[in-house]
Number of protein chains: 2
Amino acid sequence: MAMFMDVHHGMAGITAEQLKAAHAADLAAQGEEGVEFRQAWADPDSGTVYCLSSAPSREAVQRVHERTGHPADEVHPVPLQA
Amino acid sequence: MAMFMDVHHGMAGITAEQLKAAHAADLAAQGEEGVEFRQAWADPDSGTVYCLSSAPSREAVQRVHERTGHPADEVHPVPLQA
């Protein structure tokens, strides 16, 4: 399983409740794709959301996000960690 | 302490050793600024590096990165986590 960081733009004003609900929806939908969302972080001022996951592919990450109604603007494999 | 996600672009081709060395330099320099770098992830293909930290301010995060020779292109507070 590879690690991925995906980025959502245009989420200005996102609340803690909305982030939790979106993350919970991803967790509920991830099983079919073999994705494991690890964590999500949001900056309501710039409207940026980052999600860290392990997944079989970039496409699998995006399919989960599409199914839950919030496709990512970028999905980056992050094979290097420190 | 607030949480921050900073982003570096233009790092195409970064190796695991270079990421580890950069992260180690940040860890060695962070104390003066009260910053705690938690983790770093890199995508050598797109040349993107993400660093998660807790810090007293965005400027403190940037000062550590500047001191170690790799200023961030973006430093986002990420007050929301899920």
# chains A, B, ... in the order shown; residues from 1 in each chain; ligands from 1
call {"tool": "select_by_dssp", "arguments": {"residues": "range 23-57 of chain A", "states": "strand (DSSP E)", "output": "JSON, numbers by chain"}}
result
{"A": [36, 37, 38, 39, 40, 41, 42, 43, 48, 49, 50, 51, 52, 53, 54, 55]}
call {"tool": "write_last_selection", "arguments": {"atoms": "all heavy atoms", "output": "compact mmCIF listing (two decimals), in the first residue's frame"}}
result
# COMPACT_ATOMS: atom_id res chain seq x y z
N GLU A 36 -7.37 3.44 3.10
CA GLU A 36 -7.48 3.76 4.53
C GLU A 36 -7.13 5.22 4.73
O GLU A 36 -5.95 5.58 4.68
CB GLU A 36 -6.53 2.90 5.36
CG GLU A 36 -6.99 1.48 5.53
CD GLU A 36 -6.03 0.68 6.41
OE1 GLU A 36 -5.45 1.26 7.37
OE2 GLU A 36 -5.83 -0.50 6.13
N PHE A 37 -8.15 6.04 4.95
CA PHE A 37 -7.87 7.44 5.27
C PHE A 37 -7.35 7.52 6.69
O PHE A 37 -7.94 6.96 7.62
CB PHE A 37 -9.13 8.30 5.09
CG PHE A 37 -9.40 8.61 3.65
CD1 PHE A 37 -10.32 7.88 2.93
CD2 PHE A 37 -8.68 9.60 3.01
CE1 PHE A 37 -10.55 8.13 1.58
CE2 PHE A 37 -8.88 9.87 1.67
CZ PHE A 37 -9.82 9.14 0.95
N ARG A 38 -6.21 8.18 6.86
CA ARG A 38 -5.55 8.24 8.16
C ARG A 38 -5.92 9.49 8.93
O ARG A 38 -6.21 9.46 10.11
CB ARG A 38 -4.02 8.22 7.98
CG ARG A 38 -3.50 7.02 7.21
CD ARG A 38 -3.68 5.74 7.99
NE ARG A 38 -3.14 4.60 7.26
CZ ARG A 38 -1.87 4.19 7.33
NH1 ARG A 38 -1.01 4.84 8.09
NH2 ARG A 38 -1.48 3.14 6.64
N GLN A 39 -5.86 10.63 8.24
CA GLN A 39 -6.11 11.89 8.94
C GLN A 39 -6.48 12.97 7.95
O GLN A 39 -6.16 12.86 6.76
CB GLN A 39 -4.87 12.29 9.75
CG GLN A 39 -5.23 13.10 10.99
CD GLN A 39 -4.08 13.24 11.97
OE1 GLN A 39 -3.07 12.57 11.87
NE2 GLN A 39 -4.26 14.12 12.94
N ALA A 40 -7.16 13.98 8.43
CA ALA A 40 -7.53 15.13 7.59
C ALA A 40 -7.28 16.40 8.37
O ALA A 40 -7.49 16.43 9.60
CB ALA A 40 -9.00 15.03 7.17
N TRP A 41 -6.84 17.44 7.66
CA TRP A 41 -6.56 18.73 8.27
C TRP A 41 -7.19 19.82 7.41
O TRP A 41 -7.13 19.71 6.18
CB TRP A 41 -5.05 19.01 8.32
CG TRP A 41 -4.23 18.01 9.06
CD1 TRP A 41 -3.91 18.05 10.40
CD2 TRP A 41 -3.59 16.83 8.54
NE1 TRP A 41 -3.12 16.97 10.72
CE2 TRP A 41 -2.91 16.21 9.61
CE3 TRP A 41 -3.54 16.25 7.27
CZ2 TRP A 41 -2.17 15.04 9.44
CZ3 TRP A 41 -2.82 15.08 7.11
CH2 TRP A 41 -2.15 14.48 8.17
N ALA A 42 -7.72 20.85 8.02
CA ALA A 42 -8.36 21.90 7.23
C ALA A 42 -7.95 23.29 7.70
O ALA A 42 -7.80 23.54 8.89
CB ALA A 42 -9.88 21.78 7.31
N ASP A 43 -7.81 24.15 6.71
CA ASP A 43 -7.56 25.58 6.91
C ASP A 43 -8.80 26.32 6.38
O ASP A 43 -8.92 26.55 5.17
CB ASP A 43 -6.32 26.00 6.12
CG ASP A 43 -6.07 27.49 6.16
OD1 ASP A 43 -6.75 28.20 6.93
OD2 ASP A 43 -5.17 27.95 5.42
N THR A 48 -8.47 25.23 2.32
CA THR A 48 -7.69 24.08 1.90
C THR A 48 -7.88 22.92 2.86
O THR A 48 -7.86 23.11 4.08
CB THR A 48 -6.19 24.43 1.88
OG1 THR A 48 -6.02 25.71 1.24
CG2 THR A 48 -5.39 23.39 1.12
N VAL A 49 -8.08 21.72 2.32
CA VAL A 49 -8.18 20.52 3.14
C VAL A 49 -7.15 19.51 2.63
O VAL A 49 -7.01 19.32 1.41
CB VAL A 49 -9.60 19.90 3.07
CG1 VAL A 49 -9.65 18.59 3.85
CG2 VAL A 49 -10.64 20.87 3.62
N TYR A 50 -6.42 18.91 3.55
CA TYR A 50 -5.43 17.87 3.25
C TYR A 50 -5.90 16.57 3.86
O TYR A 50 -6.32 16.55 5.02
CB TYR A 50 -4.07 18.22 3.87
CG TYR A 50 -3.51 19.53 3.42
CD1 TYR A 50 -3.76 20.69 4.15
CD2 TYR A 50 -2.76 19.62 2.26
CE1 TYR A 50 -3.27 21.91 3.72
CE2 TYR A 50 -2.27 20.84 1.83
CZ TYR A 50 -2.52 21.98 2.57
OH TYR A 50 -2.04 23.18 2.16
N CYS A 51 -5.82 15.48 3.08
CA CYS A 51 -6.15 14.14 3.61
C CYS A 51 -4.98 13.21 3.34
O CYS A 51 -4.48 13.13 2.22
CB CYS A 51 -7.37 13.55 2.91
SG CYS A 51 -8.87 14.53 3.04
N LEU A 52 -4.58 12.50 4.37
CA LEU A 52 -3.52 11.49 4.26
C LEU A 52 -4.17 10.11 4.23
O LEU A 52 -5.05 9.82 5.05
CB LEU A 52 -2.59 11.60 5.46
CG LEU A 52 -1.39 10.65 5.48
CD1 LEU A 52 -0.38 11.04 4.40
CD2 LEU A 52 -0.73 10.67 6.86
N SER A 53 -3.74 9.28 3.29
CA SER A 53 -4.32 7.93 3.19
C SER A 53 -3.26 6.93 2.76
O SER A 53 -2.22 7.29 2.21
CB SER A 53 -5.46 7.92 2.17
OG SER A 53 -4.97 8.26 0.89
N SER A 54 -3.56 5.67 3.02
CA SER A 54 -2.82 4.60 2.35
C SER A 54 -3.82 3.96 1.40
O SER A 54 -5.01 3.82 1.74
CB SER A 54 -2.23 3.61 3.34
OG SER A 54 -3.24 2.88 3.97
N ALA A 55 -3.35 3.62 0.22
CA ALA A 55 -4.29 3.17 -0.82
C ALA A 55 -3.55 2.41 -1.89
O ALA A 55 -2.33 2.57 -2.07
CB ALA A 55 -4.99 4.39 -1.44
call {"tool": "interface_residues", "arguments": {"of": "chain B", "to": "chain A", "cutoff": "12 Å", "atoms": "only C-alpha atoms", "output": "PyMOL selection string"}}
result
chain B and resi 2-7+13-27+37-53+74-82
call {"tool": "atom_distance", "arguments": {"atom1": "CA of Ser57 in chain A", "atom2": "CA of Met11 in chain A"}}
result
24.4 Å
call {"tool": "select_by_dssp", "arguments": {"residues": "chain B", "states": "alpha helix (DSSP H)", "output": "VMD selection string"}}
result
chain B and resid 16 to 29 58 to 67
call {"tool": "atom_distance", "arguments": {"atom1": "CA of His9 in chain B", "atom2": "CA of Ala72 in chain B"}}
result
8.0 Å
call {"tool": "closest_residue", "arguments": {"among": "B:Ala29, B:Gly10, B:Pro56, B:Val35", "to": "Asp73 in chain B", "atoms": "only C-alpha atoms"}}
result
B:Gly10
call {"tool": "atom_distance", "arguments": {"atom1": "CA of Val64 in chain B", "atom2": "CA of Glu33 in chain B"}}
result
7.1 Å
